[in-house]
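Trainee: My structure is in coords_36.cif, and what it holds is mmCIF, C-alpha atoms:
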data_data
#
loop_
_atom_site.label_atom_id
_atom_site.label_comp_id
_atom_site.auth_asym_id
_atom_site.auth_seq_id
_atom_site.Cartn_x
_atom_site.Cartn_y
_atom_site.Cartn_z
CA MET F 27 177.49 64.51 171.70
CA THR F 28 177.70 65.49 168.04
CA LEU F 29 174.37 64.83 166.36
CA LYS F 30 173.92 63.40 162.88
CA VAL F 31 171.13 65.30 161.12
CA ALA F 32 169.39 64.21 157.92
CA TYR F 33 167.83 66.74 155.54
CA GLN F 34 166.43 66.70 152.01
CA GLY F 35 168.57 68.22 149.30
CA ILE F 36 172.22 68.66 148.47
CA PRO F 37 174.77 70.85 150.27
CA GLY F 38 173.73 74.48 149.93
CA ALA F 39 170.01 73.71 150.16
CA TYR F 40 167.78 75.79 152.40
CA SER F 41 167.10 72.68 154.46
CA GLU F 42 170.81 72.41 155.17
CA GLY F 43 170.82 76.05 156.29
CA ALA F 44 167.88 75.38 158.62
CA ALA F 45 169.66 72.35 160.11
CA VAL F 46 172.77 74.43 160.76
CA GLU F 47 170.73 77.27 162.29
CA TYR F 48 169.02 74.85 164.67
CA PHE F 49 171.88 72.49 165.57
CA GLY F 50 174.95 74.63 164.89
CA GLU F 51 177.93 74.14 162.59
CA GLU F 52 179.17 71.23 164.70
CA ALA F 53 176.35 68.93 163.55
CA VAL F 54 177.16 66.16 161.06
CA LEU F 55 174.81 66.77 158.14
CA ILE F 56 173.44 63.94 155.99
CA PRO F 57 172.00 65.09 152.62
CA CYS F 58 169.19 62.93 151.21
CA SER F 59 167.72 62.95 147.72
CA THR F 60 164.08 62.55 148.86
CA PHE F 61 161.89 63.15 151.89
CA ASP F 62 161.28 59.40 152.13
CA LEU F 63 165.01 58.78 152.35
CA VAL F 64 165.25 61.22 155.28
CA PHE F 65 162.78 59.04 157.19
CA GLU F 66 164.73 55.92 156.22
CA LYS F 67 167.95 57.40 157.61
CA LEU F 68 166.18 58.27 160.84
CA LEU F 69 164.46 54.89 161.22
CA SER F 70 167.72 53.01 160.57
CA ARG F 71 169.45 55.26 163.15
CA GLU F 72 171.97 56.41 160.57
CA ALA F 73 170.74 59.85 161.63
CA ASP F 74 169.95 61.01 165.17
CA ARG F 75 167.62 63.79 164.02
CA ALA F 76 165.92 64.99 160.87
CA ALA F 77 165.12 68.56 159.84
CA LEU F 78 162.24 68.72 157.37
CA PRO F 79 160.10 71.58 156.00
CA PHE F 80 156.41 71.26 156.78
CA GLU F 81 154.94 74.64 155.90
CA ASN F 82 155.84 77.79 153.99
CA SER F 83 154.28 81.16 154.80
CA LEU F 84 153.65 81.83 151.09
CA ALA F 85 153.14 78.38 149.55
CA GLY F 86 151.35 76.56 152.39
CA THR F 87 151.69 73.02 153.76
CA ILE F 88 154.16 70.49 152.37
CA TYR F 89 151.78 67.57 152.40
CA ARG F 90 154.23 64.79 151.63
CA ASN F 91 156.09 65.38 154.87
CA LEU F 92 152.87 65.60 156.84
CA ASP F 93 151.77 62.27 155.40
CA LEU F 94 155.11 60.64 156.20
CA LEU F 95 155.05 61.90 159.79
CA VAL F 96 151.56 60.59 160.49
CA ALA F 97 152.35 57.25 158.81
CA HIS F 98 155.40 56.57 161.03
CA ASP F 99 154.18 56.28 164.60
CA ASN F 100 157.67 55.77 166.04
CA VAL F 101 158.86 59.18 164.81
CA HIS F 102 158.32 62.13 167.16
CA VAL F 103 158.45 65.90 166.75
CA VAL F 104 160.97 67.33 169.22
CA GLY F 105 161.44 70.89 167.98
CA GLU F 106 160.59 73.50 165.37
CA LEU F 107 162.24 76.40 163.61
CA ASP F 108 160.82 79.31 161.59
CA PHE F 109 163.52 79.68 158.94
CA ARG F 110 163.73 82.92 156.95
CA VAL F 111 164.10 82.10 153.25
CA ARG F 112 166.41 84.60 151.51
CA HIS F 113 166.83 84.13 147.76
CA CYS F 114 170.04 85.20 146.02
CA LEU F 115 170.78 85.72 142.33
CA MET F 116 174.16 84.28 141.37
CA THR F 117 176.30 83.77 138.28
CA LYS F 118 179.68 82.30 137.44
CA GLN F 119 182.61 84.50 138.43
CA GLU F 120 183.42 85.49 134.84
CA THR F 121 179.82 86.29 133.86
CA ASN F 122 178.64 89.90 133.71
CA ILE F 123 175.09 90.46 134.89
CA SER F 124 174.28 92.17 131.58
CA GLN F 125 174.93 88.83 129.86
CA VAL F 126 172.41 86.91 131.95
CA LYS F 127 169.18 86.06 130.11
CA GLN F 128 167.94 82.91 131.86
CA VAL F 129 167.66 82.11 135.57
CA PHE F 130 167.43 78.50 136.79
CA SER F 131 165.93 77.38 140.10
CA HIS F 132 163.19 75.40 141.80
CA PRO F 133 159.70 76.39 140.54
CA MET F 134 158.69 77.73 143.97
CA ALA F 135 161.80 79.93 144.22
CA LEU F 136 161.16 81.27 140.74
CA ALA F 137 157.56 82.08 141.63
CA GLN F 138 158.68 83.91 144.75
CA CYS F 139 161.05 86.10 142.69
CA GLU F 140 158.72 86.61 139.72
CA ARG F 141 158.46 90.40 139.95
CA TYR F 142 162.22 90.82 140.40
CA MET F 143 162.96 88.82 137.24
CA LYS F 144 160.21 90.47 135.20
CA ASP F 145 161.50 93.95 136.02
CA ARG F 146 164.96 92.94 134.74
CA GLY F 147 163.85 90.97 131.69
CA LEU F 148 165.14 87.65 133.04
CA VAL F 149 163.54 84.42 131.79
CA PRO F 150 162.78 81.84 134.54
CA VAL F 151 163.74 78.23 133.78
CA GLU F 152 162.61 75.47 136.13
CA GLY F 153 165.28 73.24 137.65
CA PHE F 154 165.14 70.35 140.10
CA ASP F 155 165.94 72.47 143.15
CA THR F 156 167.72 75.65 144.26
CA ALA F 157 171.09 74.26 145.36
CA GLY F 158 171.06 71.80 142.45
CA SER F 159 170.71 74.69 140.00
CA ALA F 160 173.63 76.48 141.67
CA LYS F 161 175.78 73.36 141.41
CA MET F 162 174.90 72.87 137.73
CA LEU F 163 175.85 76.49 137.08
CA SER F 164 179.17 76.01 138.87
CA ASP F 165 179.87 72.77 137.01
CA GLY F 166 179.32 74.42 133.63
CA GLU F 167 176.20 72.42 132.84
CA LEU F 168 174.12 75.53 132.08
CA THR F 169 174.45 78.04 129.26
CA GLN F 170 176.96 80.89 129.48
CA ASN F 171 174.18 83.47 129.81
CA ALA F 172 172.55 81.66 132.76
CA GLY F 173 172.15 82.58 136.39
CA ALA F 174 170.64 80.75 139.33
CA ILE F 175 168.52 81.52 142.38
CA ALA F 176 169.55 79.76 145.57
CA SER F 177 170.79 80.41 149.10
CA ARG F 178 173.81 82.43 150.19
CA ARG F 179 175.34 79.14 151.40
CA ALA F 180 175.18 77.87 147.81
CA VAL F 181 177.01 80.97 146.55
CA ASP F 182 179.93 80.32 148.86
CA LEU F 183 179.90 76.54 148.57
CA TYR F 184 180.01 76.44 144.76
CA GLY F 185 182.33 79.39 144.23
CA LEU F 186 179.78 81.55 142.44
CA LYS F 187 179.45 85.33 142.24
CA LEU F 188 176.71 86.96 144.29
CA VAL F 189 174.80 89.40 142.08
CA GLU F 190 172.14 90.42 144.58
CA ALA F 191 170.72 89.05 147.84
CA ASP F 192 167.18 89.15 149.22
CA ILE F 193 165.54 89.29 145.79
CA GLU F 194 162.26 87.64 146.85
CA ASP F 195 159.12 89.65 146.11
CA ASP F 196 157.77 89.19 149.64
CA GLU F 197 160.13 89.54 152.58
CA HIS F 198 157.73 87.61 154.81
CA ASN F 199 158.96 84.32 153.42
CA PHE F 200 159.43 81.76 156.18
CA THR F 201 159.50 77.98 156.17
CA ARG F 202 158.50 76.09 159.29
CA PHE F 203 160.87 73.20 159.87
CA LEU F 204 160.08 70.40 162.32
CA ILE F 205 162.86 68.50 164.05
CA LEU F 206 162.20 64.76 164.18
CA SER F 207 163.61 62.00 166.37
CA LEU F 208 162.95 58.41 167.37
CA GLU F 209 163.03 59.58 171.00
CA LYS F 210 160.46 61.93 172.49
CA ALA F 211 161.43 65.44 173.51
CA PRO F 212 163.03 65.80 176.94
CA LYS F 213 160.97 66.84 179.94
CA SER F 214 159.40 70.29 179.62
CA VAL F 215 161.58 73.24 180.60
CA ALA F 216 160.01 76.07 182.61
CA GLY F 217 159.89 79.41 180.82
CA LEU F 218 159.69 78.00 177.29
CA ASP F 219 156.65 78.13 175.03
CA TYR F 220 155.50 74.73 173.80
CA LYS F 221 153.40 73.31 171.00
CA THR F 222 151.78 69.89 170.88
CA SER F 223 150.91 68.17 167.60
CA LEU F 224 148.41 65.36 167.26
CA ALA F 225 146.59 63.31 164.65
CA ILE F 226 143.04 62.07 165.13
CA THR F 227 140.22 60.53 163.13
CA LEU F 228 136.60 61.56 163.50
CA GLU F 229 133.42 59.89 162.38
CA ASN F 230 132.37 61.13 158.96
CA LYS F 231 129.09 62.75 159.95
CA ALA F 232 127.59 66.13 160.73
CA GLY F 233 128.97 67.87 163.81
CA ALA F 234 131.94 65.56 164.46
CA LEU F 235 134.60 68.19 163.83
CA CYS F 236 132.57 70.83 165.67
CA LYS F 237 132.54 68.65 168.78
CA ALA F 238 136.29 68.18 168.65
CA LEU F 239 136.97 71.88 168.20
CA GLY F 240 134.52 72.67 170.98
CA ILE F 241 136.80 70.88 173.43
CA PHE F 242 139.69 73.21 172.64
CA SER F 243 137.42 76.24 172.84
CA ALA F 244 135.88 75.21 176.17
CA LEU F 245 139.32 74.74 177.70
CA ASP F 246 140.70 77.96 176.18
CA LEU F 247 143.41 76.12 174.22
CA PHE F 248 144.76 77.98 171.18
CA MET F 249 144.74 75.80 168.06
CA THR F 250 147.42 77.11 165.68
CA LYS F 251 146.88 74.71 162.78
CA ILE F 252 144.46 72.12 161.46
CA GLU F 253 144.75 70.09 158.25
CA SER F 254 142.66 67.22 156.94
CA ARG F 255 144.38 64.50 154.94
CA HIS F 256 142.65 61.74 153.02
CA LEU F 257 143.37 58.32 154.49
CA ARG F 258 144.56 57.09 151.10
CA SER F 259 147.67 59.16 151.82
CA PHE F 260 148.57 56.73 154.62
CA ARG F 261 146.87 53.40 153.98
CA GLY F 262 148.52 50.33 152.58
CA PRO F 263 147.22 48.13 149.76
CA SER F 264 143.47 48.20 149.16
CA THR F 265 141.48 45.70 151.18
CA ALA F 266 138.14 46.12 149.48
CA GLY F 267 135.99 43.08 150.05
CA LYS F 268 137.70 42.07 153.30
CA ASP F 269 135.02 42.53 155.94
CA GLY F 270 134.09 45.79 154.29
CA GLU F 271 137.21 47.53 155.58
CA GLY F 272 138.32 48.76 152.17
CA ASP F 273 134.93 50.22 151.28
CA LYS F 274 135.36 53.39 153.35
CA ILE F 275 137.03 55.62 150.79
CA TRP F 276 135.97 59.00 152.19
CA GLU F 277 137.76 58.99 155.52
CA TYR F 278 140.23 61.55 156.86
CA VAL F 279 142.94 62.12 159.43
CA PHE F 280 143.05 65.54 161.09
CA TYR F 281 146.45 67.01 161.91
CA ILE F 282 146.21 69.57 164.73
CA ASP F 283 148.70 71.85 166.48
CA ILE F 284 147.88 73.55 169.77
CA ALA F 285 149.95 76.18 171.60
CA ALA F 286 150.29 74.20 174.82
CA ASP F 287 152.57 71.75 176.58
CA TYR F 288 151.47 68.12 176.57
CA ASN F 289 151.91 67.99 180.36
CA ASP F 290 149.65 70.97 181.00
CA PRO F 291 146.54 69.83 182.93
CA LYS F 292 144.24 71.54 180.42
CA THR F 293 145.94 69.70 177.55
CA GLN F 294 145.53 66.38 179.36
CA THR F 295 141.84 67.11 179.98
CA ALA F 296 141.31 68.00 176.32
CA PHE F 297 143.01 64.80 175.15
CA THR F 298 140.99 62.70 177.59
CA LEU F 299 137.79 64.10 176.10
CA LEU F 300 138.98 63.82 172.50
CA GLN F 301 139.67 60.12 172.94
CA GLN F 302 135.97 59.53 173.47
CA ILE F 303 134.89 60.96 170.13
CA THR F 304 137.71 59.77 167.87
CA TYR F 305 136.70 57.27 165.25
CA VAL F 306 137.66 53.60 165.11
CA LEU F 307 139.74 52.85 162.00
CA PRO F 308 140.29 49.47 160.37
CA HIS F 309 143.86 48.32 160.97
CA THR F 310 144.63 48.35 157.25
CA TYR F 311 144.30 52.11 156.88
CA LEU F 312 147.75 53.10 158.12
CA HIS F 313 151.09 51.57 157.21
CA ARG F 314 152.19 51.48 160.85
CA SER F 315 150.54 50.29 164.05
CA TYR F 316 148.12 52.46 165.97
CA ARG F 317 148.46 53.84 169.44
CA TRP F 318 145.28 52.67 171.14
CA LEU F 319 144.38 54.53 174.30
CA SER F 320 142.50 53.35 177.36
CA PRO F 321 139.08 54.81 178.25
CA PRO F 322 139.38 58.30 179.77
CA GLN F 323 138.97 58.94 183.45
CA LYS F 324 137.06 61.78 185.09
CA SER F 325 139.31 64.73 185.92
CA THR F 326 140.19 65.13 189.59
CA ASP F 327 142.36 68.23 189.11
CA SER F 328 140.92 70.86 191.44
CA ARG F 329 142.49 73.63 189.36
CA PHE F 330 140.15 72.83 186.49
CA PRO F 331 136.99 71.58 188.17
CA PHE F 332 134.78 72.88 185.39
CA SER F 333 136.23 70.26 183.06
CA ASN F 334 134.18 67.70 185.00
CA TYR F 335 131.06 69.35 183.66
CA LEU F 336 132.01 69.46 180.01
CA PRO F 337 129.59 66.62 179.23
CA LEU F 338 126.83 68.93 180.46
CA ILE F 339 128.14 71.97 178.60
CA LEU F 340 128.59 70.09 175.34
CA PRO F 341 125.61 67.71 175.10
CA ARG F 342 126.23 64.32 173.61
CA LEU F 343 129.92 65.10 173.33
CA LEU F 344 131.13 62.06 175.18
CA ARG F 345 130.22 58.85 173.42
CA LYS F 346 132.38 56.00 174.58
CA ARG F 347 134.10 54.17 171.73
CA ALA F 348 136.40 51.21 171.72
CA ARG F 349 140.00 51.68 170.61
CA PRO F 350 139.98 55.15 169.00
CA TYR F 351 142.86 56.37 166.83
CA PHE F 352 144.48 59.25 168.64
CA ARG F 353 148.17 59.95 168.35
CA VAL F 354 150.31 62.65 169.91
CA LEU F 355 152.99 63.41 167.32
CA GLY F 356 155.10 65.42 169.73
CA SER F 357 155.27 68.17 172.33
CA TYR F 358 158.17 70.52 171.78
CA PRO F 359 159.59 74.03 172.37
CA THR F 360 158.58 76.51 169.69
CA HIS F 361 160.82 78.51 167.34
CA GLY F 362 164.30 77.43 168.31
CA ARG F 363 166.53 75.09 170.29
#
Once more with this new file: its structure as structure tokens, please.

Mentor:
Amino acid sequence: MTLKVAYQGIPGAYSEGAAVEYFGEEAVLIPCSTFDLVFEKLLSREADRAALPFENSLAGTIYRNLDLLVAHDNVHVVGELDFRVRHCLMTKQETNISQVKQVFSHPMALAQCERYMKDRGLVPVEGFDTAGSAKMLSDGELTQNAGAIASRRAVDLYGLKLVEADIEDDEHNFTRFLILSLEKAPKSVAGLDYKTSLAITLENKAGALCKALGIFSALDLFMTKIESRHLRSFRGPSTAGKDGEGDKIWEYVFYIDIAADYNDPKTQTAFTLLQQITYVLPHTYLHRSYRWLSPPQKSTDSRFPFSNYLPLILPRLLRKRARPYFRVLGSYPTHGR
């Protein structure tokens, strides 16, 4: 089946290149002007999958996409891709490089090529995005002495002249794309490495995060990422004055990645224990409904008998709470299809 894949940007964008690398040239690509529109296409089933950037090795986390993922509890992570970002300097076919004085691109791309441009006396000019700057150059909307920084796909797509490729100052420039779907990832495949992503809330008091991290440490689970996001990023309209629910303004959601399959017994044990210390949130804090989990059961897996004694190893760790917020965002193969 040919998949329809939504991405943010116009044709020639790096996100388009990542979608093609992951799904192949046969995929039907759906360009979207904003990250929010990508989610809309997915939720309306106009797209089967979405490919969105979540983290860059030089610039850090793309928080808007993280917020959107956590806010939509019917969207699941089903894959990831580490996409190598290669910046190219391009001009119109008739332009000589000696004529170029200004270079247009997205602010992040310009920052990542700062040394290259400084050494050649080129003046950076901020544009809306990389592929958009290439298209404007092709359409004659920029000055005659202008160039653009974008992807190699943009060079070919808009009929521009490639001046030089791989002009970024740091060659270790990767963007981590997550592949999103309304369906969960298929059953785990033996021999593949997996990651599992989750979002939890913890009580805002001393030691709460330490207790949560202690579970991963005790079970020897490698945590590859943790981010805290203010609940105002996800909540709906303010409800201050309604049973005190809107008065809690300093509350956070923790986004966590672990290098483990969701179906691994150690992962299941860790999640069972985490459910007992996650914090109860008022229903107004997230746009979408919660996934409430039942009280955890004592592990009976003989392969990990020591997990039964975690309450003794980590005193006061297990405090039973009603209806904690704990959501598995997805369990998926790492770095490729």

Trainee: Give me the residues near range 34-45 of chain F as a ChimeraX atom specification, where near means some atom within 6 Å (using all atoms listed in the file) and where sequence neighbours in that chain fewer than 2 positions away do not count.

Mentor: /F:47-49,57-61,77,157,179-180

Trainee: With C-alpha atoms kept, could you save the residues just selected as a PDB file, in the coordinates of the input?

Mentor:
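Writing done, so here's again-v8.pdb:
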ATOM      1  CA  GLU F  47     170.730  77.270 162.290  1.00  0.00           C
ATOM      2  CA  TYR F  48     169.020  74.850 164.670  1.00  0.00           C
ATOM      3  CA  PHE F  49     171.880  72.490 165.570  1.00  0.00           C
ATOM      4  CA  PRO F  57     172.000  65.090 152.620  1.00  0.00           C
ATOM      5  CA  CYS F  58     169.190  62.930 151.210  1.00  0.00           C
ATOM      6  CA  SER F  59     167.720  62.950 147.720  1.00  0.00           C
ATOM      7  CA  THR F  60     164.080  62.550 148.860  1.00  0.00           C
ATOM      8  CA  PHE F  61     161.890  63.150 151.890  1.00  0.00           C
ATOM      9  CA  ALA F  77     165.120  68.560 159.840  1.00  0.00           C
ATOM     10  CA  ALA F 157     171.090  74.260 145.360  1.00  0.00           C
ATOM     11  CA  ARG F 179     175.340  79.140 151.400  1.00  0.00           C
ATOM     12  CA  ALA F 180     175.180  77.870 147.810  1.00  0.00           C
TER      13      ALA F 180
END

Trainee: Quick check, in Å to one decimal: how far apart do CA of Ala176 in chain F and CA of Glu140 in chain F lie?

Mentor: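 Separation between CA of Ala176 in chain F and CA of Glu140 in chain F: 14.1 Å.
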
Trainee: Identify which of the residues F:Asn171, F:Gln128, F:Ala285, F:Glu190 lies closest to Glu152 in chain F, counting only C-alpha atoms when measuring atom-to-atom distances.

Mentor: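 Using only C-alpha atoms, the shortest distance to Glu152 in chain F belongs to F:Gln128.
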
Trainee: Find the residues near Val129 in chain F: any atom within 8 Å, counting all atoms listed in the file, skip ones fewer than 3 places away on the same chain, and give them as a PyMOL selection string.

Mentor: chain F and resi 126+148-151+172-175

Trainee: Which residues, written as a PyMOL selection string, have at least one atom at most 12 Å from Ala73 in chain F, with all atoms listed in the file counted and residues fewer than 6 positions away on the same chain left out?

Mentor: chain F and resi 28-33+53-58+63-67+205-208
